[in-house]
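K.L.:
Structure supplied as coords14.tsv; contents: TSV, C-alpha atoms.
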```tsv
chain	number	residue	atom	x	y	z
A	1	MET	CA	-0.65	-39.18	14.10
A	2	THR	CA	2.61	-37.48	13.21
A	3	GLY	CA	0.80	-35.45	10.57
A	4	ASP	CA	-1.56	-34.13	13.22
A	5	GLY	CA	1.34	-33.39	15.57
A	6	ILE	CA	3.15	-31.36	12.95
A	7	ARG	CA	-0.03	-29.51	12.16
A	8	GLU	CA	-0.53	-28.65	15.84
A	9	ILE	CA	3.01	-27.32	16.09
A	10	ILE	CA	2.58	-25.15	12.99
A	11	THR	CA	-0.72	-23.83	14.34
A	12	ILE	CA	0.76	-23.03	17.72
A	13	SER	CA	3.74	-21.18	16.29
A	14	LEU	CA	1.55	-19.18	13.90
A	15	VAL	CA	-0.76	-18.16	16.73
A	16	MET	CA	2.27	-17.19	18.82
A	17	VAL	CA	3.65	-14.98	16.05
A	18	ALA	CA	0.22	-13.38	15.62
A	19	ALA	CA	-0.05	-12.65	19.33
A	20	LEU	CA	3.47	-11.21	19.46
A	21	MET	CA	2.75	-8.92	16.53
A	22	CYS	CA	-0.44	-7.57	18.09
A	23	CYS	CA	1.39	-7.13	21.39
A	24	ALA	CA	4.13	-5.19	19.63
A	25	ALA	CA	1.50	-2.97	18.01
A	26	GLY	CA	0.04	-2.21	21.44
A	27	ILE	CA	3.39	-1.40	23.06
A	28	GLY	CA	4.36	0.70	20.06
A	29	LEU	CA	1.32	2.90	20.57
A	30	PHE	CA	2.73	3.91	23.93
A	31	ARG	CA	6.41	4.03	23.18
A	32	PHE	CA	6.57	5.95	19.93
A	33	PRO	CA	6.74	9.72	20.25
A	34	ASP	CA	4.29	11.23	17.76
A	35	VAL	CA	1.20	10.41	15.73
A	36	LEU	CA	3.05	9.48	12.56
A	37	SER	CA	5.38	7.01	14.24
A	38	ARG	CA	2.56	5.58	16.29
A	39	LEU	CA	0.66	4.85	13.11
A	40	HIS	CA	3.54	2.65	12.02
A	41	ALA	CA	3.21	0.55	15.12
A	42	ALA	CA	-0.56	0.59	15.23
A	43	THR	CA	-1.41	-0.34	11.65
A	44	LYS	CA	1.40	-2.45	10.30
A	45	PRO	CA	2.70	-5.36	12.40
A	46	GLN	CA	-0.86	-6.50	12.88
A	47	ILE	CA	-1.16	-7.22	9.15
A	48	LEU	CA	1.39	-9.96	9.61
A	49	GLY	CA	-0.41	-10.92	12.82
A	50	LEU	CA	-3.72	-11.22	10.99
A	51	MET	CA	-2.15	-13.28	8.22
A	52	CYS	CA	-0.63	-15.63	10.77
A	53	ALA	CA	-3.92	-15.97	12.67
A	54	CYS	CA	-5.77	-16.77	9.44
A	55	GLY	CA	-2.99	-19.15	8.45
A	56	ALA	CA	-3.25	-20.91	11.80
A	57	VAL	CA	-6.97	-21.54	11.42
A	58	ALA	CA	-6.50	-22.63	7.82
A	59	VAL	CA	-3.79	-25.12	8.80
A	60	ASN	CA	-5.92	-26.46	11.62
A	61	SER	CA	-9.06	-26.97	9.56
A	62	PRO	CA	-8.14	-27.05	5.89
A	63	ARG	CA	-11.36	-26.54	3.93
A	64	ILE	CA	-11.84	-24.68	0.70
A	65	SER	CA	-14.46	-22.36	2.19
A	66	THR	CA	-12.09	-21.25	4.98
A	67	PHE	CA	-9.33	-20.55	2.46
A	68	LEU	CA	-11.68	-18.50	0.33
A	69	LEU	CA	-12.97	-16.52	3.27
A	70	PHE	CA	-9.44	-15.80	4.53
A	71	THR	CA	-8.37	-14.62	1.11
A	72	ALA	CA	-11.24	-12.12	1.25
A	73	ILE	CA	-10.33	-11.05	4.79
A	74	ILE	CA	-6.69	-10.47	3.93
A	75	ILE	CA	-7.53	-8.65	0.68
A	76	PHE	CA	-9.92	-6.28	2.46
A	77	GLN	CA	-7.58	-5.70	5.38
A	78	GLY	CA	-4.65	-5.19	3.03
A	79	LEU	CA	-6.56	-2.63	1.00
A	80	THR	CA	-8.15	-0.70	3.85
A	81	ALA	CA	-5.40	-0.55	6.50
A	82	PRO	CA	-3.02	1.58	4.39
A	83	ILE	CA	-5.85	3.96	3.52
A	84	THR	CA	-6.78	4.43	7.17
A	85	ALA	CA	-3.14	5.06	7.99
A	86	HIS	CA	-2.89	7.51	5.13
A	87	MET	CA	-5.97	9.49	6.13
A	88	VAL	CA	-4.88	9.77	9.75
A	89	ALA	CA	-1.32	10.66	8.73
A	90	ARG	CA	-2.56	13.34	6.35
A	91	ALA	CA	-4.80	14.88	8.98
A	92	ALA	CA	-2.03	14.69	11.59
A	93	TYR	CA	0.46	16.38	9.32
A	94	ARG	CA	-1.87	19.22	8.38
A	95	SER	CA	-2.90	19.85	11.97
A	96	ASN	CA	0.71	19.78	13.17
A	97	HIS	CA	0.43	16.76	15.41
A	98	LEU	CA	3.99	15.74	14.77
A	99	ARG	CA	7.40	16.34	16.27
A	100	ARG	CA	9.40	18.15	13.64
A	101	ASP	CA	12.56	17.86	15.70
A	102	LEU	CA	12.55	14.11	15.09
A	103	LEU	CA	12.46	14.43	11.32
A	104	ILE	CA	15.83	14.43	9.66
A	105	ARG	CA	14.27	15.63	6.42
A	106	ASP	CA	10.85	16.98	5.47
A	107	GLU	CA	10.17	17.37	1.76
A	108	LEU	CA	6.45	17.91	2.19
A	109	GLU	CA	6.75	21.16	4.11
A	110	THR	CA	7.25	23.47	1.15
A	111	ARG	CA	4.37	21.94	-0.75
A	112	VAL	CA	1.91	22.30	2.11
A	113	GLU	CA	3.02	25.88	2.65
A	114	ARG	CA	2.54	26.62	-1.01
A	115	ILE	CA	-0.95	25.13	-0.96
A	116	GLU	CA	-1.94	26.95	2.18
A	117	ARG	CA	-0.80	30.27	0.77
A	118	GLY	CA	-2.67	30.09	-2.50
A	119	GLU	CA	-4.00	27.40	-4.72
A	120	GLU	CA	-5.78	25.42	-2.06
A	121	SER	CA	-9.13	25.48	-3.80
A	122	SER	CA	-7.77	23.62	-6.80
A	123	LYS	CA	-5.35	21.26	-5.13
A	124	THR	CA	-6.69	19.96	-1.86
A	125	PRO	CA	-9.52	17.48	-2.22
A	126	PRO	CA	-12.53	18.09	0.02
A	127	GLU	CA	-12.04	16.72	3.50
A	128	SER	CA	-14.76	16.01	5.94
B	129	MET	CA	-2.42	10.27	-18.99
B	130	SER	CA	-5.30	12.65	-19.18
B	131	PRO	CA	-7.09	13.73	-16.03
B	132	GLU	CA	-10.56	13.60	-17.57
B	133	THR	CA	-12.81	11.54	-15.39
B	134	GLY	CA	-15.77	10.87	-17.60
B	135	ARG	CA	-13.88	8.94	-20.24
B	136	ARG	CA	-15.43	5.76	-21.54
B	137	ILE	CA	-13.48	2.61	-20.89
B	138	SER	CA	-13.28	-0.39	-23.14
B	139	ALA	CA	-15.72	-3.26	-22.77
B	140	ARG	CA	-12.82	-5.56	-21.91
B	141	SER	CA	-11.66	-3.67	-18.84
B	142	GLN	CA	-15.31	-3.28	-17.84
B	143	ILE	CA	-15.67	-7.07	-17.87
B	144	VAL	CA	-12.42	-7.58	-15.96
B	145	LEU	CA	-13.52	-5.16	-13.23
B	146	LEU	CA	-17.00	-6.67	-12.98
B	147	SER	CA	-15.66	-10.20	-12.68
B	148	GLY	CA	-13.30	-8.93	-9.98
B	149	LEU	CA	-16.33	-7.83	-7.97
B	150	VAL	CA	-18.11	-11.13	-8.58
B	151	ILE	CA	-15.06	-13.09	-7.42
B	152	LEU	CA	-14.84	-10.99	-4.26
B	153	TRP	CA	-18.51	-11.66	-3.59
B	154	CYS	CA	-17.94	-15.40	-3.93
B	155	LEU	CA	-14.90	-15.16	-1.62
B	156	VAL	CA	-17.01	-13.48	1.04
B	157	TRP	CA	-19.57	-16.27	0.89
B	158	GLY	CA	-16.78	-18.83	0.93
B	159	GLU	CA	-18.15	-20.90	-1.94
B	160	VAL	CA	-18.76	-20.70	-5.66
B	161	THR	CA	-22.31	-21.64	-6.60
B	162	VAL	CA	-24.59	-20.61	-9.43
B	163	LEU	CA	-26.70	-18.55	-7.05
B	164	ASN	CA	-23.63	-16.73	-5.67
B	165	VAL	CA	-22.32	-15.93	-9.12
B	166	LEU	CA	-25.72	-14.66	-10.26
B	167	THR	CA	-26.38	-12.47	-7.21
B	168	GLY	CA	-22.77	-11.27	-7.41
B	169	LEU	CA	-23.24	-10.30	-11.03
B	170	VAL	CA	-26.44	-8.37	-10.29
B	171	LEU	CA	-24.81	-6.62	-7.32
B	172	ALA	CA	-21.69	-5.78	-9.33
B	173	VAL	CA	-23.73	-4.12	-12.06
B	174	VAL	CA	-25.91	-2.25	-9.55
B	175	ILE	CA	-22.87	-1.07	-7.58
B	176	SER	CA	-20.99	0.17	-10.61
B	177	LEU	CA	-24.06	2.04	-11.82
B	178	LEU	CA	-25.02	3.53	-8.45
B	179	PHE	CA	-21.57	4.45	-7.13
B	180	TYR	CA	-20.14	6.02	-10.21
B	181	LEU	CA	-16.39	6.59	-10.00
B	182	PRO	CA	-13.79	7.84	-12.46
B	183	ALA	CA	-12.96	5.18	-15.02
B	184	ILE	CA	-10.09	2.86	-14.16
B	185	ASP	CA	-7.55	2.79	-16.91
B	186	LEU	CA	-6.47	-0.81	-17.29
B	187	SER	CA	-3.47	-1.04	-19.54
B	188	GLY	CA	-4.66	-4.30	-21.05
B	189	ARG	CA	-1.29	-5.91	-20.45
B	190	VAL	CA	-0.81	-8.52	-17.73
B	191	ASN	CA	2.30	-10.55	-17.13
B	192	PHE	CA	1.37	-13.28	-14.67
B	193	TRP	CA	4.94	-14.18	-13.88
B	194	PHE	CA	5.66	-10.63	-12.70
B	195	VAL	CA	2.35	-10.53	-10.82
B	196	LEU	CA	3.53	-13.57	-8.90
B	197	VAL	CA	6.95	-12.01	-8.32
B	198	PHE	CA	5.26	-8.86	-7.00
B	199	PHE	CA	3.05	-10.69	-4.50
B	200	VAL	CA	5.77	-13.02	-3.24
B	201	ARG	CA	8.11	-10.08	-2.75
B	202	LEU	CA	5.34	-8.12	-1.01
B	203	LEU	CA	4.74	-10.98	1.43
B	204	ILE	CA	8.45	-11.28	2.19
B	205	ASP	CA	8.69	-7.52	2.71
B	206	ILE	CA	5.68	-7.50	5.04
B	207	ALA	CA	7.08	-10.33	7.15
B	208	ARG	CA	10.59	-8.88	7.33
B	209	ALA	CA	9.50	-5.32	8.06
B	210	SER	CA	6.88	-6.38	10.63
B	211	LEU	CA	9.56	-8.14	12.61
B	212	GLU	CA	11.80	-5.09	12.28
B	213	VAL	CA	9.15	-2.70	13.59
B	214	ALA	CA	8.20	-5.14	16.33
B	215	TRP	CA	11.82	-5.27	17.40
B	216	LEU	CA	12.07	-1.49	17.25
B	217	VAL	CA	9.14	-1.27	19.65
B	218	ILE	CA	10.85	-3.47	22.21
B	219	ASP	CA	14.42	-2.29	21.72
B	220	PRO	CA	15.25	-0.13	24.74
B	221	ARG	CA	18.04	1.76	22.94
B	222	TYR	CA	15.77	2.95	20.13
B	223	LYS	CA	15.96	6.69	19.58
B	224	PRO	CA	13.22	7.99	17.32
B	225	SER	CA	14.37	9.49	14.06
B	226	SER	CA	12.29	9.61	10.91
B	227	ALA	CA	11.87	11.57	7.70
B	228	ILE	CA	9.30	12.60	5.13
B	229	LEU	CA	10.48	12.03	1.58
B	230	ALA	CA	9.08	13.20	-1.74
B	231	ILE	CA	9.30	10.32	-4.18
B	232	PRO	CA	8.57	11.12	-7.84
B	233	LEU	CA	7.27	8.03	-9.62
B	234	ASP	CA	7.81	7.22	-13.27
B	235	THR	CA	4.37	5.91	-14.02
B	236	ARG	CA	1.61	8.03	-15.48
B	237	SER	CA	-1.17	5.65	-14.47
B	238	ASP	CA	-3.42	6.40	-11.51
B	239	LEU	CA	-3.96	2.72	-10.90
B	240	ILE	CA	-0.28	1.86	-10.64
B	241	MET	CA	0.38	4.90	-8.48
B	242	MET	CA	-2.40	3.76	-6.16
B	243	PHE	CA	-1.09	0.20	-5.97
B	244	THR	CA	2.45	1.43	-5.34
B	245	ALA	CA	1.19	3.61	-2.50
B	246	GLU	CA	-0.77	0.67	-1.08
B	247	ALA	CA	2.20	-1.64	-1.34
B	248	ILE	CA	4.66	0.66	0.38
B	249	SER	CA	2.10	1.50	3.06
B	250	LEU	CA	1.47	-2.18	3.71
B	251	VAL	CA	5.13	-2.74	4.36
B	252	PRO	CA	5.76	-1.54	7.91
B	253	GLY	CA	8.14	1.35	8.30
B	254	SER	CA	6.56	3.62	5.72
B	255	ILE	CA	3.28	5.52	5.42
B	256	VAL	CA	2.09	7.60	2.51
B	257	VAL	CA	1.27	10.99	4.02
B	258	ASP	CA	0.29	12.81	0.88
B	259	VAL	CA	-0.03	12.28	-2.85
B	260	ASP	CA	0.41	14.66	-5.72
B	261	ARG	CA	-1.62	13.08	-8.47
B	262	GLN	CA	-0.81	15.52	-11.24
B	263	GLU	CA	2.90	14.94	-10.96
B	264	SER	CA	2.89	11.37	-9.60
B	265	VAL	CA	4.72	12.26	-6.42
B	266	LEU	CA	4.29	10.28	-3.21
B	267	TYR	CA	5.17	11.86	0.14
B	268	VAL	CA	6.22	9.06	2.43
B	269	HIS	CA	6.95	9.05	6.15
B	270	VAL	CA	9.77	6.64	6.90
B	271	ILE	CA	10.59	5.42	10.37
B	272	ASN	CA	14.02	4.64	11.78
B	273	VAL	CA	16.26	6.39	9.25
B	274	ARG	CA	19.48	7.98	10.45
B	275	SER	CA	21.59	9.00	7.48
B	276	GLU	CA	21.42	10.18	3.89
B	277	LYS	CA	22.26	6.66	2.82
B	278	ASP	CA	19.20	5.23	4.60
B	279	LEU	CA	17.05	7.74	2.74
B	280	GLU	CA	18.52	6.85	-0.65
B	281	ASP	CA	18.14	3.14	0.10
B	282	PHE	CA	14.51	3.65	0.91
B	283	ARG	CA	13.93	5.66	-2.25
B	284	ASP	CA	15.47	2.87	-4.31
B	285	GLU	CA	13.22	0.37	-2.59
B	286	VAL	CA	10.11	2.34	-3.60
B	287	PHE	CA	11.35	2.61	-7.18
B	288	ALA	CA	11.92	-1.14	-7.20
B	289	THR	CA	8.37	-1.73	-5.97
B	290	GLU	CA	7.02	0.53	-8.67
B	291	LYS	CA	9.09	-1.26	-11.27
B	292	ARG	CA	7.80	-4.68	-10.21
B	293	LEU	CA	4.22	-3.41	-10.45
B	294	VAL	CA	4.72	-1.82	-13.84
B	295	MET	CA	6.32	-5.00	-15.16
B	296	ALA	CA	3.27	-6.89	-13.90
B	297	ILE	CA	0.35	-4.75	-15.08
B	298	GLY	CA	1.72	-1.54	-16.57
B	299	SER	CA	1.29	-0.28	-20.12
B	300	HIS	CA	4.09	-0.61	-22.67
B	301	ASP	CA	4.79	3.08	-22.25
B	302	ASP	CA	5.35	2.71	-18.51
B	303	VAL	CA	7.50	-0.38	-19.00
B	304	TRP	CA	9.70	1.59	-21.34
B	305	ARG	CA	9.92	4.41	-18.81
B	306	VAL	CA	10.89	2.29	-15.79
B	307	ARG	CA	13.56	0.57	-17.85
B	308	GLN	CA	15.39	3.81	-18.46
B	309	PRO	CA	18.36	4.61	-16.24
B	310	ASN	CA	17.03	6.54	-13.26
B	311	HIS	CA	18.58	9.92	-13.83
B	312	LEU	CA	17.09	10.29	-17.30
B	313	THR	CA	13.47	10.18	-16.28
B	314	ARG	CA	13.47	11.24	-12.66
B	315	SER	CA	15.11	14.63	-13.07
B	316	HIS	CA	11.98	16.03	-14.69
B	317	THR	CA	8.87	14.22	-13.65
B	318	GLY	CA	5.58	15.97	-14.03
B	319	GLY	CA	4.84	18.47	-16.73
B	320	THR	CA	3.06	16.02	-18.96
B	321	ALA	CA	-0.28	17.76	-18.93
```
Starting from the file, lay out its structure as structure tokens.
P.N.:
Amino acid sequence: MTGDGIREIITISLVMVAALMCCAAGIGLFRFPDVLSRLHAATKPQILGLMCACGAVAVNSPRISTFLLFTAIIIFQGLTAPITAHMVARAAYRSNHLRRDLLIRDELETRVERIERGEESSKTPPES
Amino acid sequence: MSPETGRRISARSQIVLLSGLVILWCLVWGEVTVLNVLTGLVLAVVISLLFYLPAIDLSGRVNFWFVLVFFVRLLIDIARASLEVAWLVIDPRYKPSSAILAIPLDTRSDLIMMFTAEAISLVPGSIVVDVDRQESVLYVHVINVRSEKDLEDFRDEVFATEKRLVMAIGSHDDVWRVRQPNHLTRSHTGGTA
């Protein structure tokens, strides 16, 4: 009995954390000023949210197959989310969808300028 | 590090990579059976023949203790930073202020550079905007930084992440390099071609 009660409480709190994280991601999309900062809100807190949601299900029904499946889910999400963020950030930077007045330092500027002036054929990988 | 892509890799790293694919396949099915392992094996071979990619250079050195340290630390970082960004979103006094930093890494391995970029992108608060592969430089967008000190702190954090990774799976060469005092190696990265 008590074991089940504790398990319920853990599940509930994990689901709550997951929901809060996804909520924060949604609000962040509106509140942050430019594409790059929005990406932070949109792609990151939900990783923790996803982990908590998976954890909640795993705690509620502990079976080996669920654990295995969740490991796969988290591995794939963990590998792909940063790449999505990177691709969008790269495109946003090159197409000037950012507020330069909010940056206190920008060490990429000179490099992009250099590439755009000359050696672009050798340095930039093909983009679609 | 040589940028050639068609280099042959050793049978051992080939086997490690193939079994990685097989394990993933079993994870997706949620169980380990003979049939799963066999179909996984066939698929892994077909995939690596059909979708030919540049060879992955495994260093052949794995320290499981440091692998564990790396993952535990990554989890802690994700949890801590997620809460920070979530709070930032709600905090009504938050004034946006961010920066893009060039961070020259010590490692000469594509794999470690990739994992470092993944790790710091997974941790909320930083996104890799661009990568200079020849010189191992990551360009990272950092959120909520206000002073020079914040920037230096962040840089140190990335170096620490890289160091943990190199200690876990890096080659002896890289381990030697990350153990040097910072100013010796970081003043002239690149130029190894």
K.L.:
Residues near stretch 277-281 of chain B, anyone? I mean within 12 Å using all atoms listed in the file, not counting same-chain ones fewer than 3 positions away, as an MDAnalysis selection string.
P.N.:
(chainID A and resid 103:107) or (chainID B and resid 225:231 254 268:274 284:288)
K.L.:
Taking 6 positions as the minimum chain separation for residues in the same chain, which residues sit within 10 Å of A:Gly28 when counting only C-alpha atoms? Answer as an MDAnalysis selection string.
P.N.:
(chainID A and resid 22 37:42 45) or (chainID B and resid 213:218)
K.L.:
Could you please take those selected residues and save C-alpha atoms as a short mmCIF file (atom, residue, chain, number, x, y, z; two decimals), in the coordinates of the input?
P.N.:
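Result written to again20.cif:
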```cif
data_model
loop_
_atom_site.label_atom_id
_atom_site.label_comp_id
_atom_site.auth_asym_id
_atom_site.auth_seq_id
_atom_site.Cartn_x
_atom_site.Cartn_y
_atom_site.Cartn_z
CA CYS A 22 -0.44 -7.57 18.09
CA SER A 37 5.38 7.01 14.24
CA ARG A 38 2.56 5.58 16.29
CA LEU A 39 0.66 4.85 13.11
CA HIS A 40 3.54 2.65 12.02
CA ALA A 41 3.21 0.55 15.12
CA ALA A 42 -0.56 0.59 15.23
CA PRO A 45 2.70 -5.36 12.40
CA VAL B 213 9.15 -2.70 13.59
CA ALA B 214 8.20 -5.14 16.33
CA TRP B 215 11.82 -5.27 17.40
CA LEU B 216 12.07 -1.49 17.25
CA VAL B 217 9.14 -1.27 19.65
CA ILE B 218 10.85 -3.47 22.21
#
```
K.L.:
Find the residue from A:Arg7, A:Arg117, A:Arg111, A:His97 that sits nearest to chain B; use all atoms listed in the file when measuring.
P.N.:
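That would be A:Arg111, the residue with the smallest distance to chain B.
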K.L.:
Quick one: distance from atom CA of B:Val251 to atom CA of B:Val200 in Å, one decimal?
P.N.:
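Between these atoms lies a distance of 12.8 Å.
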K.L.:
Residues of chain A within 8 Å of chain B, counting only C-alpha atoms, what are they? List them as a count of residues only.
P.N.:
42
K.L.:
Go ahead and compute the interatomic distance for atom CA of B:Arg140 and atom CA of B:Leu186, in Å to one decimal.
P.N.:
9.2 Å
K.L.:
Find, counting all atoms listed in the file, the residue in A:Leu20, A:Ala92, A:Val15, A:Ile75 that gets nearest to A:Gln46.
P.N.:
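Result for the nearest residue to A:Gln46: A:Leu20.
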K.L.:
For B:Ser187, which residue among B:Phe282, B:Glu290, B:Leu233, B:Val144 is the nearest when counting all atoms listed in the file?
P.N.:
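For B:Ser187, the nearest of the given residues is B:Val144.
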K.L.:
Report the distance between atom CA of B:Ile297 and atom CA of B:Pro232 in Å, rounded to one decimal place.
P.N.:
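A separation of 19.3 Å between them.
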